[in-house]
Amino acid sequence: MPDQDPVIRRTTSMEQRVDAIQAALDERGMKATEAVEELNHLATEQWVPQNGARVVARAWVDAAFRERLLANGRAAVEELGLFMPKHHRHLVVLENTPTVQNVICCTLCSCTAFTIIGLPPDWYKDFEYRSRVVRESRTVLREMGLELAPEVEIRVWDTTADTRYMVLPMQPPETMGWPEEKLVGIVTRDAMIGVARL
Amino acid sequence: MPDQDPVIRRTTSMEQRVDAIQAALDERGMKATEAVEELNHLATEQWVPQNGARVVARAWVDAAFRERLLANGRAAVEELGLFMPKHHRHLVVLENTPTVQNVICCTLCSCTAFTIIGLPPDWYKDFEYRSRVVRESRTVLREMGLELAPEVEIRVWDTTADTRYMVLPMQPPETMGWPEEKLVGIVTRDAMIGVARL
Amino acid sequence: MDGIHDLGGRQGFGRVRYTCNAPAFHADWEVRANSLYAFAVRLGVFNMDEYRHAIERMEPRHYLTASYYERSLTGLATLYVEKGIVSREELERRADGLFPLAAPSAPGRTNVPTRGRFKFGDRVRVRLDYVPGHVRMPGYIRGKTGVVVSESPAYPFPDAHAHGVEAQDEPTYDVRFRSDELWANSADAALIHVGVFQSYLERFGGQS
Amino acid sequence: MDGIHDLGGRQGFGRVRYTCNAPAFHADWEVRANSLYAFAVRLGVFNMDEYRHAIERMEPRHYLTASYYERSLTGLATLYVEKGIVSREELERRADGLFPLAAPSAPGRTNVPTRGRFKFGDRVRVRLDYVPGHVRMPGYIRGKTGVVVSESPAYPFPDAHAHGVEAQDEPTYDVRFRSDELWANSADAALIHVGVFQSYLERFGGQS
């Protein structure tokens, strides 16, 4: 490795940095280790795309719920026992149609409705997606495997305030009449971000 | 070093990269090694701030030269046996006064009239100078040790086209009457960039 | 601040490294970094705007070469230090090496005093504001005009909230911009919606 | 292109690491990299605009973490490869490892067909141009108004010249902007002069 900055060479590993903060808080009696274990569980087991998949499946089978969801996302997901953090005051659900594809991003950082659609995937937080999806939306979607017909209008939603967004994908025609639990299984996080169709 | 990208780990050193290009050209009969030796000499011995210092000293002692220099910099420096590359079609000489301080930069890359004022110093090419000197000129100059009185107007010149700039510093009053050769010795490259006064 | 983090529309980045159903985490420390952040939120050590701004204040080279969770942990550690809960020296002693933090903050600002109320369909322009501190207006909409498509409940004004300046709540509007008005002749056709705080907006055409 | 190289006015960078009479070079390889560049200029392997654009096309993280002479050498090597003089494989074999190059170029453009002639004192506005390829208009003057203070001899239009597109020579004007018109309430008071190609300018107030 050429010309490496001496500052970089002496910088500690991420593991050491995480350990340092956690131990410093523990020593102050803040019980960080206990909390981290509990929160690790929430992040990996509770804040998962299956939450959003349940919302989508319900909206597909229950027209009245769909209407409430589109009118007030936050209140509607609470009906299913889901919750959003206090600072996410508003959930806007964006309905795809045969001629409209909604896509979510956060160019300034990497905000998402993570308690509903799950913690965001790596690429969502990468600079490539953040910089390009607003300016080269169709190209980026094509590179990601979503080739949209020219008549499909792309609507990008940049999460700059604390309002959160999720995409309501279209129900695949071949799944019409399926029971709700089976529909939950076909809804992907990427479809709720808007970079894939089902 | 944590989390180092495998691409970075396998990237060769700068020395190896320079060697690789030079050897590839040599093998094609382009005599790169010979040329590099000659050009190393030019860069370190010929394209030096003493050139610009001679221009400044002459302008101080010869009012007619000063006028020609301000009217057409390129033609005037040629009178002193100095030259500019073909693609530098114009040299604009910027005269400091008690109430005007000119400062040169290149925000998009790091252009300079290098055959006249010398190859630019490291900090001139750094992102700190490039990003900040246009927006925080007085602050940056102060941090660099040049505290200007409030009534001094700052004029920044961003070298975005192939026109080149040099600052004509004010002659220090205590040097009035000195012979030209002695004056050459007091003119610094930083004064010709405009981040220092003499 | 017009920082390196303000990436929307910046060119030169390559293909998205997309994989289907990609993971959120790649290492145990990332899960723990995320939990330490969530723990601090739970404790109320900082608000979201302070946290986002702490990340934005990272040295630009550090920001651009750090992974998401390194950026997150750097913002977290910076705020723990700035709020006097832990010292940098202690962190570096415990970590046995350098622990890079973000740079100090510039001053914040209060809500803009004369703010317009807008409704669905109103044409609005984003003010030509340049702010040394935190701002949630991405550079690519500055000075541009769009149409209000919805209003969100009021939130604290981030330019104040990130700086401990008194922040009134104010509405945010989802404003729809045409990509060819944002980047004429140099963007794929699309409608770009941005959540814009009331203080950043004025009525297009004159009085607000 | 709105690339990472367009740094004028970007915030978050720290103090200039200034030393009096600082050196231009810090290592032998830097002197040689500079000479290899000058050698290519002498041979006419590329023009200045191609060279500058090759550097701008570097992957943003690479650009921001590379030193000046690494950026220079990367641009140089990219052009040698793109012009078919040397292959990347040969360079990597000789260097015994990865030799990162810049990304491919987007298309260039020709001179703007209807260009104004301006004279000392004319008030001009920088067009709202967004260009996928090379451009020598720093982002901070886009859409801004200033006053012409001088005219330089004509140069090839860089947006064309960097791309092998036929480039007419055109004048550049030194245009004076007030820093508080570029960054309202968020800049030190100063007059900022930028060398602006004729194609980037229109007369302020209407017809050019």
# chains A, B, ... in the order shown; residues from 1 in each chain; ligands from 1
>>> interface_residues(of="chain C", to="chain A", cutoff="6 Å", atoms="only C-alpha atoms", output="JSON list (two decimals) with N, CA and C atoms, in the first residue's frame")
[["chain", "number", "residue", "atom", "x", "y", "z"],
["C", 5, "HIS", "N", -21.14, 15.28, 1.87],
["C", 5, "HIS", "CA", -22.26, 14.35, 2.01],
["C", 5, "HIS", "C", -23.41, 14.65, 1.06],
["C", 6, "ASP", "N", -23.41, 15.86, 0.50],
["C", 6, "ASP", "CA", -24.54, 16.31, -0.31],
["C", 6, "ASP", "C", -24.37, 15.75, -1.73],
["C", 7, "LEU", "N", -24.75, 14.49, -1.88],
["C", 7, "LEU", "CA", -24.33, 13.72, -3.05],
["C", 7, "LEU", "C", -25.34, 13.68, -4.19],
["C", 8, "GLY", "N", -26.56, 14.11, -3.96],
["C", 8, "GLY", "CA", -27.60, 13.97, -4.99],
["C", 8, "GLY", "C", -27.21, 14.68, -6.28],
["C", 9, "GLY", "N", -27.12, 13.93, -7.36],
["C", 9, "GLY", "CA", -26.78, 14.52, -8.65],
["C", 9, "GLY", "C", -25.30, 14.64, -8.95],
["C", 10, "ARG", "N", -24.47, 14.34, -7.95],
["C", 10, "ARG", "CA", -23.03, 14.41, -8.20],
["C", 10, "ARG", "C", -22.65, 13.28, -9.15],
["C", 13, "PHE", "N", -19.67, 8.67, -9.91],
["C", 13, "PHE", "CA", -19.79, 7.39, -9.21],
["C", 13, "PHE", "C", -20.25, 6.32, -10.20],
["C", 16, "VAL", "N", -24.21, 0.91, -9.17],
["C", 16, "VAL", "CA", -24.63, 0.48, -7.84],
["C", 16, "VAL", "C", -24.23, -0.98, -7.67],
["C", 17, "ARG", "N", -23.60, -1.30, -6.57],
["C", 17, "ARG", "CA", -23.20, -2.69, -6.33],
["C", 17, "ARG", "C", -24.38, -3.45, -5.77],
["C", 18, "TYR", "N", -25.33, -3.70, -6.65],
["C", 18, "TYR", "CA", -26.62, -4.26, -6.24],
["C", 18, "TYR", "C", -26.58, -5.77, -6.24],
["C", 22, "ALA", "N", -29.89, -7.89, -0.58],
["C", 22, "ALA", "CA", -28.56, -7.69, 0.03],
["C", 22, "ALA", "C", -28.70, -7.50, 1.53],
["C", 23, "PRO", "N", -27.69, -7.89, 2.28],
["C", 23, "PRO", "CA", -27.77, -7.74, 3.74],
["C", 23, "PRO", "C", -27.60, -6.28, 4.18],
["C", 24, "ALA", "N", -28.16, -5.99, 5.36],
["C", 24, "ALA", "CA", -27.94, -4.68, 5.97],
["C", 24, "ALA", "C", -26.58, -4.64, 6.66],
["C", 29, "TRP", "N", -19.51, -6.13, 14.22],
["C", 29, "TRP", "CA", -19.34, -4.78, 14.78],
["C", 29, "TRP", "C", -20.35, -3.81, 14.18],
["C", 35, "SER", "N", -26.60, -0.70, 17.15],
["C", 35, "SER", "CA", -27.29, -0.77, 18.45],
["C", 35, "SER", "C", -26.81, 0.32, 19.40],
["C", 91, "LEU", "N", -11.43, 7.43, 24.85],
["C", 91, "LEU", "CA", -11.76, 6.55, 23.72],
["C", 91, "LEU", "C", -10.48, 6.04, 23.05],
["C", 94, "ARG", "N", -8.73, 3.51, 25.33],
["C", 94, "ARG", "CA", -9.42, 2.22, 25.30],
["C", 94, "ARG", "C", -9.26, 1.52, 23.94],
["C", 95, "ALA", "N", -9.28, 2.29, 22.86],
["C", 95, "ALA", "CA", -9.19, 1.69, 21.53],
["C", 95, "ALA", "C", -7.75, 1.42, 21.14],
["C", 97, "GLY", "N", -5.37, 3.46, 19.99],
["C", 97, "GLY", "CA", -4.95, 4.06, 18.71],
["C", 97, "GLY", "C", -5.82, 5.26, 18.42],
["C", 98, "LEU", "N", -5.63, 5.84, 17.25],
["C", 98, "LEU", "CA", -6.39, 7.04, 16.88],
["C", 98, "LEU", "C", -7.86, 6.69, 16.65],
["C", 136, "ARG", "N", -31.19, 20.66, 5.71],
["C", 136, "ARG", "CA", -31.71, 19.44, 5.06],
["C", 136, "ARG", "C", -32.20, 19.75, 3.65],
["C", 187, "ALA", "N", -30.24, 14.64, -17.40],
["C", 187, "ALA", "CA", -30.83, 13.73, -16.41],
["C", 187, "ALA", "C", -31.82, 12.83, -17.12],
["C", 188, "ASP", "N", -32.04, 11.64, -16.59],
["C", 188, "ASP", "CA", -33.13, 10.81, -17.08],
["C", 188, "ASP", "C", -34.46, 11.47, -16.69],
["C", 190, "ALA", "N", -37.76, 12.09, -15.07],
["C", 190, "ALA", "CA", -38.38, 11.56, -13.86],
["C", 190, "ALA", "C", -38.96, 12.72, -13.06],
["C", 191, "LEU", "N", -39.84, 12.38, -12.14],
["C", 191, "LEU", "CA", -40.32, 13.37, -11.19],
["C", 191, "LEU", "C", -39.58, 13.10, -9.88],
["C", 192, "ILE", "N", -38.96, 14.14, -9.35],
["C", 192, "ILE", "CA", -38.15, 13.98, -8.14],
["C", 192, "ILE", "C", -38.89, 14.69, -7.01],
["C", 193, "HIS", "N", -39.20, 13.95, -5.96],
["C", 193, "HIS", "CA", -39.93, 14.52, -4.83],
["C", 193, "HIS", "C", -38.97, 14.68, -3.65],
["C", 194, "VAL", "N", -39.00, 15.85, -3.08],
["C", 194, "VAL", "CA", -38.11, 16.12, -1.95],
["C", 194, "VAL", "C", -38.95, 16.67, -0.80],
["C", 195, "GLY", "N", -38.65, 16.21, 0.40],
["C", 195, "GLY", "CA", -39.32, 16.73, 1.59],
["C", 195, "GLY", "C", -38.65, 18.03, 2.00]]
>>> closest_atom_pairs(of="chain D", to="chain C", cutoff="6 Å", atoms="only C-alpha atoms", output="CSV")
residue,atom,partner,partner_atom,distance
D:Asp2,CA,C:Gln11,CA,5.2
D:Gly3,CA,C:Gln11,CA,4.9
D:Arg10,CA,C:Asp2,CA,5.4
D:Gln11,CA,C:Gly3,CA,4.9
D:Gly12,CA,C:Gly3,CA,5.7
D:Tyr130,CA,C:Ser186,CA,5.7
D:Trp183,CA,C:Tyr130,CA,5.9
D:Ser186,CA,C:Tyr130,CA,5.7
>>> select_by_dssp(residues="range 43-179 of chain D", states="helix (DSSP H, G or I)", output="PyMOL selection string")
chain D and resi 43+48-56+60-65+68-82+88-95+139-141+158-161+179
>>> write_last_selection(atoms="N, CA and C atoms", output="CSV table (one decimal), in the first residue's frame")
chain,number,residue,atom,x,y,z
D,43,LEU,N,5.1,15.4,-26.8
D,43,LEU,CA,4.8,14.5,-27.9
D,43,LEU,C,3.4,14.7,-28.5
D,48,MET,N,-4.5,19.6,-23.3
D,48,MET,CA,-4.7,19.9,-21.8
D,48,MET,C,-6.1,19.5,-21.4
D,49,ASP,N,-7.1,19.7,-22.2
D,49,ASP,CA,-8.5,19.4,-21.8
D,49,ASP,C,-8.7,17.9,-21.6
D,50,GLU,N,-8.1,17.1,-22.6
D,50,GLU,CA,-8.2,15.7,-22.4
D,50,GLU,C,-7.6,15.3,-21.1
D,51,TYR,N,-6.4,15.9,-20.8
D,51,TYR,CA,-5.7,15.5,-19.6
D,51,TYR,C,-6.5,15.9,-18.3
D,52,ARG,N,-7.0,17.1,-18.3
D,52,ARG,CA,-7.8,17.5,-17.1
D,52,ARG,C,-9.0,16.6,-16.9
D,53,HIS,N,-9.7,16.3,-18.0
D,53,HIS,CA,-10.9,15.5,-17.9
D,53,HIS,C,-10.5,14.1,-17.5
D,54,ALA,N,-9.4,13.6,-17.9
D,54,ALA,CA,-9.0,12.2,-17.5
D,54,ALA,C,-8.9,12.2,-16.0
D,55,ILE,N,-8.4,13.2,-15.4
D,55,ILE,CA,-8.2,13.3,-13.9
D,55,ILE,C,-9.6,13.4,-13.3
D,56,GLU,N,-10.5,14.2,-13.9
D,56,GLU,CA,-11.8,14.4,-13.3
D,56,GLU,C,-12.6,13.1,-13.3
D,60,PRO,N,-14.5,8.8,-7.6
D,60,PRO,CA,-14.4,9.9,-6.6
D,60,PRO,C,-13.6,9.6,-5.3
D,61,ARG,N,-13.7,8.4,-4.8
D,61,ARG,CA,-12.9,8.0,-3.6
D,61,ARG,C,-11.4,8.0,-3.9
D,62,HIS,N,-11.1,7.6,-5.1
D,62,HIS,CA,-9.7,7.6,-5.5
D,62,HIS,C,-9.2,9.0,-5.7
D,63,TYR,N,-10.0,9.8,-6.4
D,63,TYR,CA,-9.6,11.3,-6.5
D,63,TYR,C,-9.3,11.9,-5.2
D,64,LEU,N,-10.2,11.7,-4.3
D,64,LEU,CA,-10.2,12.4,-3.0
D,64,LEU,C,-9.1,11.9,-2.1
D,65,THR,N,-8.6,10.7,-2.3
D,65,THR,CA,-7.6,10.2,-1.4
D,65,THR,C,-6.2,10.2,-2.1
D,68,TYR,N,-1.7,15.0,-5.4
D,68,TYR,CA,-1.7,15.6,-6.7
D,68,TYR,C,-1.0,14.8,-7.8
D,69,TYR,N,0.2,14.3,-7.5
D,69,TYR,CA,0.9,13.6,-8.5
D,69,TYR,C,0.4,12.2,-8.8
D,70,GLU,N,-0.3,11.6,-7.8
D,70,GLU,CA,-1.0,10.4,-8.1
D,70,GLU,C,-2.2,10.7,-9.1
D,71,ARG,N,-2.9,11.8,-8.9
D,71,ARG,CA,-4.0,12.2,-9.8
D,71,ARG,C,-3.4,12.4,-11.2
D,72,SER,N,-2.3,13.1,-11.2
D,72,SER,CA,-1.7,13.4,-12.5
D,72,SER,C,-1.3,12.2,-13.3
D,73,LEU,N,-0.6,11.3,-12.6
D,73,LEU,CA,-0.2,10.0,-13.2
D,73,LEU,C,-1.3,9.1,-13.6
D,74,THR,N,-2.4,9.2,-12.9
D,74,THR,CA,-3.6,8.4,-13.2
D,74,THR,C,-4.2,8.9,-14.5
D,75,GLY,N,-4.3,10.2,-14.6
D,75,GLY,CA,-4.8,10.8,-15.8
D,75,GLY,C,-4.0,10.5,-17.0
D,76,LEU,N,-2.7,10.6,-16.8
D,76,LEU,CA,-1.7,10.3,-17.9
D,76,LEU,C,-1.8,8.8,-18.3
D,77,ALA,N,-1.8,7.9,-17.4
D,77,ALA,CA,-1.9,6.5,-17.7
D,77,ALA,C,-3.2,6.2,-18.4
D,78,THR,N,-4.3,6.8,-18.0
D,78,THR,CA,-5.6,6.5,-18.6
D,78,THR,C,-5.6,6.9,-20.0
D,79,LEU,N,-5.0,8.1,-20.3
D,79,LEU,CA,-5.0,8.5,-21.7
D,79,LEU,C,-4.0,7.6,-22.6
D,80,TYR,N,-2.9,7.2,-22.0
D,80,TYR,CA,-2.1,6.3,-22.8
D,80,TYR,C,-2.8,5.0,-23.1
D,81,VAL,N,-3.6,4.5,-22.2
D,81,VAL,CA,-4.4,3.3,-22.5
D,81,VAL,C,-5.5,3.6,-23.4
D,82,GLU,N,-6.3,4.7,-23.2
D,82,GLU,CA,-7.4,5.0,-24.1
D,82,GLU,C,-7.0,5.3,-25.5
D,88,ARG,N,-3.7,-1.6,-20.4
D,88,ARG,CA,-3.8,-1.6,-19.0
D,88,ARG,C,-3.1,-2.9,-18.4
D,89,GLU,N,-3.3,-4.0,-19.2
D,89,GLU,CA,-2.7,-5.3,-18.8
D,89,GLU,C,-1.2,-5.1,-18.7
D,90,GLU,N,-0.6,-4.5,-19.7
D,90,GLU,CA,0.9,-4.3,-19.7
D,90,GLU,C,1.3,-3.5,-18.5
D,91,LEU,N,0.6,-2.4,-18.2
D,91,LEU,CA,0.9,-1.6,-17.1
D,91,LEU,C,0.9,-2.4,-15.8
D,92,GLU,N,-0.2,-3.2,-15.6
D,92,GLU,CA,-0.3,-3.9,-14.4
D,92,GLU,C,0.7,-5.0,-14.3
D,93,ARG,N,1.0,-5.6,-15.4
D,93,ARG,CA,2.1,-6.7,-15.4
D,93,ARG,C,3.4,-6.0,-15.0
D,94,ARG,N,3.7,-4.9,-15.6
D,94,ARG,CA,5.0,-4.2,-15.3
D,94,ARG,C,5.0,-3.7,-13.8
D,95,ALA,N,3.9,-3.2,-13.4
D,95,ALA,CA,3.8,-2.6,-12.0
D,95,ALA,C,3.6,-3.7,-11.0
D,139,GLY,N,-19.0,24.8,-10.6
D,139,GLY,CA,-20.4,24.8,-10.2
D,139,GLY,C,-20.8,26.1,-9.5
D,140,TYR,N,-19.9,26.7,-8.8
D,140,TYR,CA,-20.3,27.8,-7.9
D,140,TYR,C,-20.7,29.0,-8.7
D,141,ILE,N,-20.4,29.1,-10.0
D,141,ILE,CA,-20.8,30.3,-10.7
D,141,ILE,C,-22.1,30.0,-11.6
D,158,PRO,N,-13.2,23.9,-24.4
D,158,PRO,CA,-12.8,22.7,-23.6
D,158,PRO,C,-13.8,21.5,-23.7
D,159,ASP,N,-15.1,21.9,-23.7
D,159,ASP,CA,-16.2,20.9,-23.6
D,159,ASP,C,-16.1,20.0,-24.9
D,160,ALA,N,-15.6,20.5,-26.0
D,160,ALA,CA,-15.4,19.8,-27.2
D,160,ALA,C,-14.0,19.2,-27.3
D,161,HIS,N,-13.0,20.0,-26.9
D,161,HIS,CA,-11.6,19.7,-27.1
D,161,HIS,C,-11.2,18.5,-26.3
D,179,SER,N,-18.5,37.8,-3.9
D,179,SER,CA,-18.7,36.5,-3.1
D,179,SER,C,-20.1,36.4,-2.5
>>> atom_distance(atom1="CA of Thr172 in chain D", atom2="CA of Glu151 in chain D")
5.9 Å
>>> residues_around(residues="Asp122 in chain D", least_positions_apart="3", cutoff="8 Å", atoms="only C-alpha atoms", output="PDB file with N, CA, C and O atoms, in the first residue's frame")
ATOM      1  N   PHE D 118     -18.738  40.210 -25.587  1.00  0.00           N
ATOM      2  CA  PHE D 118     -18.889  41.074 -24.426  1.00  0.00           C
ATOM      3  C   PHE D 118     -17.687  42.001 -24.323  1.00  0.00           C
ATOM      4  O   PHE D 118     -16.619  41.716 -24.867  1.00  0.00           O
ATOM      5  N   LYS D 119     -17.873  43.089 -23.623  1.00  0.00           N
ATOM      6  CA  LYS D 119     -16.752  44.023 -23.421  1.00  0.00           C
ATOM      7  C   LYS D 119     -16.688  44.420 -21.955  1.00  0.00           C
ATOM      8  O   LYS D 119     -17.614  44.133 -21.175  1.00  0.00           O
ATOM      9  N   VAL D 147     -19.590  40.731 -13.790  1.00  0.00           N
ATOM     10  CA  VAL D 147     -19.219  41.814 -14.697  1.00  0.00           C
ATOM     11  C   VAL D 147     -17.919  41.443 -15.399  1.00  0.00           C
ATOM     12  O   VAL D 147     -16.974  40.977 -14.759  1.00  0.00           O
ATOM     13  N   VAL D 148     -17.887  41.665 -16.709  1.00  0.00           N
ATOM     14  CA  VAL D 148     -16.688  41.363 -17.486  1.00  0.00           C
ATOM     15  C   VAL D 148     -15.597  42.378 -17.148  1.00  0.00           C
ATOM     16  O   VAL D 148     -15.834  43.593 -17.215  1.00  0.00           O
ATOM     17  N   ARG D 203     -25.808  37.460 -21.959  1.00  0.00           N
ATOM     18  CA  ARG D 203     -25.937  38.812 -21.456  1.00  0.00           C
ATOM     19  C   ARG D 203     -26.988  38.819 -20.366  1.00  0.00           C
ATOM     20  O   ARG D 203     -28.011  38.139 -20.479  1.00  0.00           O
TER      21      ARG D 203
END
>>> atom_distance(atom1="CA of Val149 in chain C", atom2="CA of Asp174 in chain C")
5.6 Å
